[in-house]
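*Asks:* Sending over my_file-v3.cif (mmCIF, C-alpha atoms).
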```cif
data_work
loop_
_atom_site.label_atom_id
_atom_site.label_comp_id
_atom_site.auth_asym_id
_atom_site.auth_seq_id
_atom_site.Cartn_x
_atom_site.Cartn_y
_atom_site.Cartn_z
CA MET E 191 86.33 76.10 93.54
CA PRO E 192 86.02 78.58 90.63
CA SER E 193 88.72 78.25 87.99
CA SER E 194 90.08 81.72 88.75
CA PHE E 195 91.52 80.46 92.06
CA ARG E 196 92.89 77.17 90.75
CA GLY E 197 96.61 76.90 90.27
CA LEU E 198 97.52 79.48 92.91
CA PRO E 199 100.60 78.40 94.92
CA PRO E 200 100.34 76.98 98.46
CA VAL E 201 101.56 80.21 100.07
CA VAL E 202 98.46 82.01 98.77
CA TRP E 203 96.15 79.38 100.24
CA THR E 204 98.04 79.45 103.53
CA ILE E 205 97.56 83.22 103.82
CA PHE E 206 93.90 82.81 102.78
CA ALA E 207 93.30 80.25 105.56
CA GLY E 208 95.20 82.30 108.11
CA THR E 209 93.23 85.41 107.17
CA ILE E 210 89.93 83.60 107.77
CA VAL E 211 91.15 82.48 111.19
CA ASN E 212 92.32 85.98 112.03
CA ARG E 213 89.09 87.61 110.86
CA LEU E 214 86.96 85.13 112.78
CA GLY E 215 88.41 86.83 115.83
CA TYR E 216 87.83 90.37 114.56
CA LEU E 217 85.42 90.98 117.41
CA VAL E 218 86.59 93.74 119.73
CA THR E 219 86.52 96.70 117.33
CA PRO E 220 82.84 96.36 116.26
CA PHE E 221 81.75 96.09 119.89
CA LEU E 222 84.26 98.55 121.35
CA VAL E 223 81.68 101.27 122.04
CA PHE E 224 79.55 98.82 124.03
CA PHE E 225 82.60 97.59 125.96
CA LEU E 226 83.62 101.14 126.82
CA ALA E 227 80.11 101.91 128.05
CA SER E 228 80.26 98.84 130.30
CA ARG E 229 83.41 100.34 131.85
CA GLY E 230 81.74 103.72 132.35
CA VAL E 231 83.46 105.43 129.40
CA THR E 232 80.96 107.57 127.53
CA GLY E 233 80.65 110.86 125.65
CA THR E 234 83.85 112.72 124.79
CA ASP E 235 86.02 110.09 126.46
CA THR E 236 84.76 107.52 123.96
CA SER E 237 85.90 109.72 121.07
CA TYR E 238 89.45 109.73 122.48
CA VAL E 239 89.63 105.95 122.40
CA LEU E 240 88.01 105.69 118.96
CA GLY E 241 90.26 108.46 117.62
CA ALA E 242 93.32 106.57 118.82
CA LEU E 243 92.01 103.46 117.09
CA GLY E 244 91.65 105.41 113.83
CA ALA E 245 95.08 107.01 114.16
CA GLY E 246 96.73 103.60 114.41
CA ASN E 247 95.34 102.71 110.99
CA LEU E 248 97.36 105.62 109.58
CA ILE E 249 100.59 104.64 111.33
CA GLY E 250 100.55 100.87 110.94
CA PRO E 251 100.52 100.51 107.13
CA ALA E 252 103.41 102.96 106.72
CA VAL E 253 105.49 101.13 109.33
CA GLY E 254 104.50 97.73 107.99
CA GLY E 255 105.55 98.61 104.45
CA ILE E 256 109.03 99.67 105.54
CA LEU E 257 109.52 96.67 107.83
CA ALA E 258 108.34 94.25 105.13
CA ASP E 259 111.10 95.47 102.80
CA ARG E 260 113.68 95.97 105.53
CA ILE E 261 113.45 92.90 107.79
CA GLY E 262 111.16 90.65 105.75
CA ARG E 263 107.52 89.70 105.25
CA ARG E 264 107.27 86.94 107.88
CA PRO E 265 108.95 88.87 110.72
CA THR E 266 106.73 91.88 110.05
CA MET E 267 103.58 89.76 110.11
CA LEU E 268 104.69 88.09 113.35
CA ILE E 269 105.47 91.44 115.01
CA GLY E 270 102.07 92.81 114.01
CA LEU E 271 100.04 89.75 115.06
CA ILE E 272 101.78 89.17 118.38
CA GLY E 273 101.82 92.91 119.16
CA ALA E 274 98.10 93.25 118.43
CA ALA E 275 97.31 90.18 120.55
CA ALA E 276 99.23 91.66 123.49
CA ALA E 277 97.46 94.99 123.00
CA GLN E 278 94.08 93.24 123.24
CA GLY E 279 94.97 92.11 126.73
CA ALA E 280 96.25 95.58 127.60
CA LEU E 281 92.98 97.17 126.50
CA PHE E 282 90.88 94.75 128.52
CA LEU E 283 92.97 95.39 131.64
CA ALA E 284 93.45 99.15 131.09
CA PRO E 285 92.36 101.10 134.20
CA GLY E 286 91.49 104.44 132.60
CA VAL E 287 90.61 106.35 129.45
CA TRP E 288 94.15 107.27 128.47
CA THR E 289 95.52 103.78 128.97
CA MET E 290 92.59 102.49 126.92
CA ALA E 291 93.42 104.99 124.19
CA ALA E 292 97.09 103.92 124.23
CA ALA E 293 96.10 100.25 123.98
CA SER E 294 93.67 101.01 121.15
CA LEU E 295 96.41 102.87 119.29
CA LEU E 296 98.70 99.85 119.67
CA ILE E 297 95.99 97.43 118.54
CA SER E 298 95.32 99.25 115.28
CA THR E 299 98.96 100.14 114.64
CA ALA E 300 100.22 96.59 115.14
CA GLY E 301 97.26 94.99 113.41
CA SER E 302 97.53 97.16 110.31
CA THR E 303 101.23 96.38 109.82
CA VAL E 304 100.26 92.86 108.78
CA SER E 305 98.44 93.61 105.51
CA PRO E 306 101.33 95.35 103.64
CA ALA E 307 103.62 92.42 104.46
CA ALA E 308 100.97 89.85 103.49
CA TYR E 309 100.20 91.69 100.24
CA ALA E 310 103.90 91.90 99.42
CA LEU E 311 104.30 88.19 100.15
CA LEU E 312 101.43 87.42 97.77
CA ALA E 313 103.09 89.57 95.09
CA ASP E 314 106.34 87.66 95.61
CA ALA E 315 104.56 84.33 95.21
CA VAL E 316 102.63 84.89 91.96
CA ASP E 317 103.26 86.54 88.61
CA SER E 318 101.57 89.78 87.56
CA GLU E 319 98.80 88.03 85.64
CA ARG E 320 97.62 86.12 88.71
CA ARG E 321 98.06 88.80 91.38
CA GLN E 322 94.56 90.17 91.08
CA ARG E 323 93.17 86.67 91.64
CA ALA E 324 95.44 86.15 94.65
CA TYR E 325 94.31 89.45 96.18
CA ALA E 326 90.68 88.65 95.41
CA LEU E 327 91.09 85.35 97.26
CA PHE E 328 92.65 87.25 100.18
CA GLY E 329 89.69 89.65 100.20
CA TRP E 330 87.27 86.74 100.04
CA GLY E 331 88.89 85.31 103.17
CA VAL E 332 88.48 88.67 104.91
CA ASN E 333 84.77 88.74 104.04
CA ILE E 334 84.15 85.14 105.08
CA GLY E 335 85.81 85.67 108.44
CA THR E 336 84.15 89.04 109.02
CA ALA E 337 80.69 87.68 108.17
CA VAL E 338 81.01 84.84 110.68
CA ALA E 339 82.59 87.16 113.26
CA GLY E 340 79.55 89.45 113.14
CA VAL E 341 77.31 86.62 114.32
CA LEU E 342 79.86 85.17 116.72
CA GLY E 343 80.61 88.54 118.29
CA GLY E 344 76.99 89.21 119.22
CA TYR E 345 76.73 85.81 120.91
CA LEU E 346 79.98 86.17 122.85
CA ALA E 347 79.26 89.75 123.92
CA ALA E 348 76.04 88.57 125.54
CA HIS E 349 78.07 86.13 127.66
CA GLY E 350 80.87 88.49 128.66
CA TYR E 351 83.13 90.95 126.91
CA TRP E 352 86.20 89.08 128.08
CA LEU E 353 85.29 86.37 125.57
CA LEU E 354 85.63 88.88 122.72
CA PHE E 355 89.16 89.77 123.80
CA ALA E 356 90.14 86.14 124.40
CA VAL E 357 88.94 84.96 120.98
CA ASP E 358 90.41 88.00 119.22
CA ALA E 359 93.86 87.57 120.79
CA GLY E 360 93.72 83.80 120.37
CA SER E 361 92.94 84.05 116.65
CA MET E 362 95.88 86.42 116.15
CA LEU E 363 98.26 84.09 117.94
CA LEU E 364 96.94 81.15 115.92
CA TYR E 365 97.57 83.05 112.70
CA ALA E 366 101.04 83.93 113.98
CA GLY E 367 101.65 80.22 114.49
CA VAL E 368 100.60 79.56 110.89
CA VAL E 369 102.99 82.27 109.66
CA ALA E 370 105.87 80.91 111.75
CA THR E 371 105.45 77.26 110.75
CA ARG E 372 103.87 77.29 107.28
CA LEU E 373 105.32 80.30 105.46
CA GLU E 374 108.83 80.80 104.17
CA GLU E 375 110.52 84.13 103.61
CA PRO E 376 110.91 84.65 99.85
CA THR E 377 114.07 85.73 98.08
CA ARG E 378 113.44 89.25 96.86
CA GLY E 379 115.01 91.57 94.39
CA LYS E 380 117.13 88.92 92.68
CA ALA E 381 118.30 89.58 89.13
CA PRO E 382 120.59 87.93 86.57
CA LYS E 383 124.29 88.44 87.27
CA THR E 384 124.57 90.87 84.35
CA ALA E 385 122.01 93.07 86.03
CA ASP E 386 123.24 92.74 89.62
CA ARG E 387 125.07 96.07 89.56
CA GLN E 388 122.10 97.93 88.12
CA THR E 389 119.73 96.34 90.63
CA LYS E 390 121.97 97.18 93.58
CA ASP E 391 122.38 100.76 92.36
CA ARG E 392 118.63 101.16 92.14
CA GLN E 393 118.06 99.70 95.59
CA THR E 394 120.70 102.03 97.02
CA LYS E 395 119.08 105.03 95.33
CA ASP E 396 115.64 104.04 96.56
CA GLY E 397 116.85 103.67 100.15
CA ILE E 398 114.62 102.17 102.84
CA GLY E 399 111.96 104.89 103.07
CA TYR E 400 109.02 105.95 100.93
CA GLY E 401 111.07 108.05 98.51
CA VAL E 402 110.76 105.22 95.99
CA VAL E 403 106.99 105.71 95.99
CA LEU E 404 107.09 109.49 96.09
CA ARG E 405 109.29 109.56 92.99
CA ASP E 406 106.84 107.37 91.08
CA ARG E 407 104.60 109.89 89.31
CA LEU E 408 102.18 107.27 88.05
CA ALA E 409 101.69 105.86 91.55
CA LEU E 410 101.18 109.39 92.92
CA LEU E 411 98.41 109.93 90.37
CA LEU E 412 96.77 106.55 90.88
CA LEU E 413 96.80 106.25 94.68
CA PRO E 414 94.67 109.39 95.32
CA LEU E 415 92.11 108.13 92.80
CA PHE E 416 91.96 104.81 94.63
CA GLY E 417 91.72 106.79 97.87
CA ILE E 418 88.61 108.64 96.69
CA GLN E 419 87.01 105.38 95.66
CA LEU E 420 87.86 103.86 99.04
CA PHE E 421 86.43 106.92 100.80
CA VAL E 422 83.11 106.47 98.99
CA TYR E 423 83.07 102.77 99.88
CA SER E 424 83.87 103.54 103.54
CA LEU E 425 80.69 105.58 103.76
CA THR E 426 78.81 102.27 103.65
CA GLU E 427 79.99 101.47 107.18
CA VAL E 428 79.99 105.05 108.49
CA ALA E 429 77.06 107.01 107.05
CA LEU E 430 74.70 104.13 106.30
CA PRO E 431 74.03 103.45 110.02
CA LEU E 432 73.23 107.16 110.48
CA ALA E 433 70.78 107.07 107.59
CA VAL E 434 69.06 103.96 108.95
CA ARG E 435 68.78 105.57 112.37
CA ASP E 436 67.41 108.83 110.96
CA SER E 437 64.78 106.90 109.03
CA GLY E 438 63.38 105.72 112.33
CA LEU E 439 64.43 102.12 111.76
CA SER E 440 65.95 99.87 114.42
CA PRO E 441 69.61 98.79 114.64
CA ALA E 442 68.42 95.34 113.61
CA VAL E 443 67.72 96.75 110.14
CA TYR E 444 71.34 97.83 109.79
CA GLY E 445 72.39 94.37 110.92
CA ALA E 446 70.17 92.89 108.22
CA MET E 447 71.78 95.17 105.61
CA ALA E 448 75.23 94.00 106.73
CA ALA E 449 74.03 90.42 106.33
CA VAL E 450 72.82 91.15 102.78
CA ASN E 451 76.23 92.55 101.91
CA ALA E 452 78.05 89.58 103.44
CA VAL E 453 75.91 87.01 101.63
CA LEU E 454 76.33 88.71 98.25
CA VAL E 455 80.08 89.22 98.55
CA VAL E 456 80.88 85.78 99.93
CA GLY E 457 78.56 84.06 97.48
CA LEU E 458 79.37 85.96 94.29
CA GLN E 459 82.96 87.17 94.52
CA PRO E 460 84.83 84.01 93.45
CA PHE E 461 82.55 83.50 90.45
CA ALA E 462 82.73 87.16 89.45
CA THR E 463 86.51 87.01 89.64
CA ALA E 464 86.51 84.02 87.30
CA ARG E 465 84.41 85.92 84.76
CA LEU E 466 86.19 89.27 85.00
CA ALA E 467 89.83 88.18 85.32
CA LYS E 468 90.41 88.22 81.55
CA LEU E 469 89.03 91.73 81.04
CA PRO E 470 91.12 94.94 81.27
CA GLN E 471 91.44 95.28 85.02
CA LEU E 472 91.38 99.06 85.40
CA ALA E 473 88.28 99.22 83.21
CA VAL E 474 86.66 96.67 85.51
CA GLN E 475 87.85 98.66 88.55
CA SER E 476 86.28 101.84 87.14
CA ALA E 477 82.96 100.11 86.40
CA GLY E 478 82.82 98.60 89.88
CA SER E 479 83.65 101.94 91.48
CA VAL E 480 80.77 103.59 89.64
CA LEU E 481 78.46 100.86 90.94
CA ILE E 482 79.67 101.52 94.49
CA ALA E 483 79.17 105.28 94.10
CA ALA E 484 75.69 104.75 92.65
CA GLY E 485 74.74 102.37 95.45
CA VAL E 486 75.94 104.81 98.11
CA ALA E 487 74.01 107.64 96.44
CA LEU E 488 70.85 105.50 96.38
CA THR E 489 71.01 105.50 100.19
CA GLY E 490 69.80 109.10 100.01
CA LEU E 491 66.64 108.01 98.17
CA ALA E 492 65.82 105.16 100.54
CA ASP E 493 63.11 105.64 103.15
CA GLY E 494 62.41 102.07 104.12
CA ILE E 495 63.82 98.57 104.27
CA ALA E 496 63.22 97.91 100.56
CA GLY E 497 65.05 101.07 99.51
CA TYR E 498 68.04 100.36 101.72
CA THR E 499 68.18 96.79 100.45
CA VAL E 500 68.36 98.00 96.85
CA SER E 501 71.18 100.41 97.67
CA VAL E 502 73.13 97.72 99.53
CA VAL E 503 72.72 95.27 96.65
CA VAL E 504 74.07 97.82 94.15
CA TRP E 505 77.20 98.79 96.09
CA SER E 506 77.79 95.17 97.14
CA LEU E 507 77.88 94.18 93.46
CA GLY E 508 80.43 96.95 92.94
CA GLU E 509 82.48 95.56 95.83
CA VAL E 510 82.39 92.12 94.19
CA VAL E 511 83.55 93.56 90.85
CA VAL E 512 86.58 95.50 92.17
CA ALA E 513 87.88 92.76 94.49
CA GLY E 514 91.67 92.58 94.46
CA ILE E 515 92.21 94.84 91.45
CA ALA E 516 93.62 97.96 93.12
CA ALA E 517 96.10 96.00 95.24
CA GLY E 518 97.14 93.99 92.19
CA VAL E 519 97.75 97.12 90.13
CA VAL E 520 99.86 98.66 92.90
CA ALA E 521 101.87 95.44 93.20
CA ASN E 522 102.54 95.44 89.45
CA LEU E 523 103.82 99.02 89.60
CA ALA E 524 106.28 98.24 92.40
CA PRO E 525 109.92 97.22 91.90
CA SER E 526 110.50 93.81 93.49
CA HIS E 527 112.62 95.30 96.29
CA ALA E 528 109.94 97.88 97.19
CA ARG E 529 106.73 95.85 97.12
CA GLY E 530 106.24 96.20 100.86
CA ARG E 531 106.47 100.00 100.71
CA TYR E 532 104.11 100.23 97.75
CA GLN E 533 101.58 98.09 99.62
CA GLY E 534 102.25 100.20 102.71
CA ALA E 535 101.41 103.31 100.69
CA PHE E 536 98.24 101.62 99.44
CA GLY E 537 97.33 100.58 102.99
CA TRP E 538 97.96 104.12 104.21
CA THR E 539 95.68 105.40 101.43
CA TRP E 540 92.99 103.03 102.69
CA GLY E 541 93.54 104.25 106.26
CA VAL E 542 93.25 107.90 105.22
CA ALA E 543 90.08 107.16 103.25
CA ARG E 544 88.44 105.41 106.18
CA PHE E 545 89.57 108.09 108.64
CA ALA E 546 88.17 110.78 106.31
CA ALA E 547 84.86 108.93 106.12
CA LEU E 548 84.72 108.80 109.92
CA THR E 549 85.47 112.51 110.27
CA VAL E 550 84.75 114.52 107.11
CA GLY E 551 81.97 112.21 105.98
CA VAL E 552 80.13 112.31 109.29
CA ALA E 553 80.66 116.09 109.59
CA ALA E 554 79.22 116.63 106.10
CA TYR E 555 76.24 114.44 106.94
CA THR E 556 75.46 116.31 110.15
CA THR E 557 76.21 119.89 109.04
CA LEU E 558 75.57 120.08 105.29
CA GLY E 559 72.85 117.47 105.31
CA PRO E 560 72.60 113.88 104.04
CA ALA E 561 71.73 114.89 100.46
CA ALA E 562 75.00 116.84 100.09
CA LEU E 563 77.00 113.82 101.20
CA TRP E 564 75.22 111.35 98.90
CA TRP E 565 75.49 113.55 95.80
CA THR E 566 79.11 114.39 96.56
CA ALA E 567 79.87 110.68 96.92
CA LEU E 568 78.30 109.98 93.54
CA ALA E 569 80.19 112.78 91.81
CA ALA E 570 83.52 112.02 93.47
CA GLY E 571 83.29 108.27 92.92
CA THR E 572 82.36 108.68 89.26
CA ALA E 573 85.11 111.26 88.65
CA ALA E 574 87.73 109.04 90.33
CA ALA E 575 86.61 106.07 88.22
CA ALA E 576 86.95 108.18 85.07
CA GLY E 577 90.42 109.33 86.14
CA THR E 578 91.46 105.73 86.73
CA LEU E 579 90.27 104.81 83.25
CA VAL E 580 92.30 107.67 81.76
CA LEU E 581 95.46 106.35 83.45
CA ALA E 582 94.89 102.77 82.26
CA PRO E 583 97.02 103.06 79.07
CA ARG E 584 99.98 104.40 81.08
CA VAL E 585 99.66 101.61 83.63
CA ASN E 586 99.47 98.99 80.86
CA ARG E 587 102.55 100.39 79.11
CA ARG E 588 104.48 100.45 82.39
CA THR E 589 103.50 96.88 83.22
CA ALA E 590 104.35 95.63 79.73
CA HIS E 591 107.74 97.36 79.87
CA ASP E 592 108.56 95.84 83.25
CA LEU E 593 107.55 92.37 82.06
CA ALA E 594 109.76 92.74 78.98
CA ALA E 595 112.66 93.93 81.14
#
```
Could I get this structure in the form of structure tokens?

*Replies:*
Amino acid sequence: MPSSFRGLPPVVWTIFAGTIVNRLGYLVTPFLVFFLASRGVTGTDTSYVLGALGAGNLIGPAVGGILADRIGRRPTMLIGLIGAAAAQGALFLAPGVWTMAAASLLISTAGSTVSPAAYALLADAVDSERRQRAYALFGWGVNIGTAVAGVLGGYLAAHGYWLLFAVDAGSMLLYAGVVATRLEEPTRGKAPKTADRQTKDRQTKDGIGYGVVLRDRLALLLLPLFGIQLFVYSLTEVALPLAVRDSGLSPAVYGAMAAVNAVLVVGLQPFATARLAKLPQLAVQSAGSVLIAAGVALTGLADGIAGYTVSVVVWSLGEVVVAGIAAGVVANLAPSHARGRYQGAFGWTWGVARFAALTVGVAAYTTLGPAALWWTALAAGTAAAAGTLVLAPRVNRRTAHDLAA
């Protein structure tokens, strides 16, 4: 195991293992269109179900962030995992389009409440210097599980869609069992007795909603920049398949590109983290974001398998470089009693970015043309990376002040 992951506390490894188990069952969503077609749901009706799935990714992180700070990390994770598992069964048994849409909304809402609580729990377990490594390990677990799930899902779908739902729900319940038996709820927001009054006053002022985030000017500047970078990255799973299709290539080519990405990220990420952990993290984040933007833009120049492979390699290297940094920076900005809400705001930013890629990105591709989308992605990604670099001194001063306090 690379040195960057050594010394992390057991809770981090428990969440890492549970994440792999959970992601091994991340099967229904990638094959949802095929499942709907098997039930006779096509055309506009499909968009209703997929739209509900996307809307849940906007609701879940916001709810999960509040619950993580209000009732605790473990209860929130359990609610999300058990709720999503139940929703899987509801979707499989749903008799019509609208019940399918409702079940899809519940799946994504419940499922996306888990990450803010898990991220907050990781922040509780490690100090600021090791948070990026903890989040990188978490992301590595996501990629390992997702890579295996891509192969497993194709095999199971060929033998019956019910297997996808059974494995997906089963993996969530197994992860819930890990959370219930292997994780402990941390003590949050504790301070020395001399500071108890000040801490309580601040918690009272911050309340239980997202006002604490909305009053943080630095967070309000940084989160949109991360959102733009996440939007550009999301184009890799939204617009890339359209480009491959329009080049006259088969779906198997897109599958091969996904495999290239999975191999690079799973193989390189832990070693890259070990090399980059000691460098200024927002500078590394900016460099990786530029690589992602350049790789996405190269998609517009590709006209064959070799060209698409080059573009995938470039943005995959960028993905390896930025692993865990944004979540770690957000965690370091958050007061201890509001870590769940800060991670909820970050998760909501991710949900907005992905939803925008699915809607605005696809609309730009089809109406303005592919070239406009690729060049816009390059310009936006590079500008957001530059803006992040400009904010780095303020983030460093804030972090240093909080550590001193």

*Asks:* Near segment 196-201 of chain E, counting only C-alpha atoms, which residues have an atom at most 9 Å away, once you skip same-chain residues fewer than 4 positions from it, shown as a PyMOL selection string?

*Replies:* chain E and resi 191-192+205-206+311-312+315-316+320+323-324+372-374

*Asks:* To verify the selection step, state as a list in words which residues the PyMOL selection byres ((chain E and resi 464) around 10) yields on this input.

*Replies:*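 In the shown coordinates, the PyMOL selection byres ((chain E and resi 464) around 10) covers Pro192, Ser193, Ser194, Phe195, Arg196, Arg323, Gln459, Pro460, Phe461, Ala462, Thr463, Arg465, Leu466, Ala467 and Lys468 of chain E.
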
*Asks:* Using all atoms listed in the file, list the residues that have an atom at most 8 Å from (86.5, 103.7, 87.9), coordinates as in the file, as a ChimeraX atom specification.

*Replies:* /E:419,472-480,571-579

*Asks:* For this file, the PyMOL selection byres ((chain E and resi 510-519) around 6) selects which residues, as a tab-separated table (two decimals) with C-alpha atoms, in the coordinates of the input?

*Replies:*
```
chain	number	residue	atom	x	y	z
E	321	ARG	CA	98.06	88.80	91.38
E	322	GLN	CA	94.56	90.17	91.08
E	325	TYR	CA	94.31	89.45	96.18
E	326	ALA	CA	90.68	88.65	95.41
E	455	VAL	CA	80.08	89.22	98.55
E	459	GLN	CA	82.96	87.17	94.52
E	475	GLN	CA	87.85	98.66	88.55
E	478	GLY	CA	82.82	98.60	89.88
E	507	LEU	CA	77.88	94.18	93.46
E	508	GLY	CA	80.43	96.95	92.94
E	509	GLU	CA	82.48	95.56	95.83
E	520	VAL	CA	99.86	98.66	92.90
E	521	ALA	CA	101.87	95.44	93.20
E	522	ASN	CA	102.54	95.44	89.45
```

*Asks:* Could you please give me, as a ChimeraX atom specification, the residues of protein, DNA or RNA lying at most 8 Å from (81.8, 90.0, 117.7) in the coordinate frame of the file, considering all atoms listed in the file?

*Replies:* /E:215-218,220-221,339-347,354

*Asks:* Within 6 Å of segment 420-423 of chain E, counting only C-alpha atoms, which residues show up once you throw out same-chain ones fewer than 5 positions away? Write them as a list of chain:residue names, please.

*Replies:*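 Those residues are E:Ala543, E:Arg544, E:Ala547, E:Ala567.
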
*Asks:* Let me make sure I understand: among E:Gly401, E:Gly490, E:Gly497, E:Gly534, which one has the smallest atom-to-atom distance to Thr566 of chain E if we use only C-alpha atoms?

*Replies:*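 Under the stated criterion, the closest residue is E:Gly490.
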
*Asks:* Can you work out the spacing between atom CA of Pro431 of chain E and atom CA of Gly445 of chain E in Å, to one decimal?

*Replies:*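 Value for the atom CA of Pro431 of chain E-atom CA of Gly445 of chain E distance: 9.3 Å.
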
*Asks:* Show me, as an NGL selection string, the residues that have an atom within 9 Å of Gly551 of chain E when counting all atoms listed in the file, minus same-chain residues fewer than 6 positions from it.

*Replies:* :E and (421 or 425 or 428-429 or 563)

*Asks:* Which residues, written as a list in words, have at least one atom at most 10 Å from Thr232 of chain E, with all atoms listed in the file counted and residues fewer than 5 positions away on the same chain left out?

*Replies:*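 Answer for this query is Val223, Phe224, Leu226, Ala227, Ser237 and Val287 of chain E.
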
*Asks:* Residues at most 9 Å from Ser305 of chain E, counting all atoms listed in the file, excluding those fewer than 3 positions away in the same chain, as a ChimeraX atom specification?

*Replies:* /E:251,254-255,267,301-302,308-310,533-534,537

*Asks:* Do you have the atom CA of Leu404 of chain E-atom CA of Ala483 of chain E distance handy?

*Replies:*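 Atom-to-atom, atom CA of Leu404 of chain E and atom CA of Ala483 of chain E are spaced 28.3 Å apart.
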
*Asks:* Evaluate the PyMOL selection byres ((chain E and resi 256) around 7) here and jot the selected residues down as a list in words.

*Replies:*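 What the PyMOL selection byres ((chain E and resi 256) around 7) grabs from the file is Ala252, Val253, Gly254, Gly255, Leu257, Ala258, Asp259, Arg260, Ile398, Gly399, Gly530 and Arg531 of chain E.
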
*Asks:* Which of these, E:Tyr400, E:Trp330, E:Phe416, E:Trp352, has the shortest distance to Val542 of chain E once you count only C-alpha atoms?

*Replies:*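 Using only C-alpha atoms, Val542 of chain E sits closest to E:Phe416.
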
*Asks:* Report, as lines of an AutoDock Vina configuration file, the centre and edge lengths in Å (one decimal) of the axis-aligned box enclosing every listed atom of segment 473-481 of chain E, padded by 5 Å on each side.

*Replies:*
```
center_x = 83.4
center_y = 100.1
center_z = 87.3
size_x = 19.8
size_y = 16.9
size_z = 18.3
```

*Asks:* Could you check how far atom CA of Ala528 of chain E sits from atom CA of Val402 of chain E, in Å to one decimal?

*Replies:*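 Atom-to-atom, atom CA of Ala528 of chain E and atom CA of Val402 of chain E are spaced 7.5 Å apart.
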
*Asks:* My list of candidates is E:Leu295, E:Val504, E:Leu268, E:Ile418. Which is closest to Val486 of chain E when distances are computed with only C-alpha atoms?

*Replies:*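 Ranked by minimum distance to Val486 of chain E, first place goes to E:Val504.
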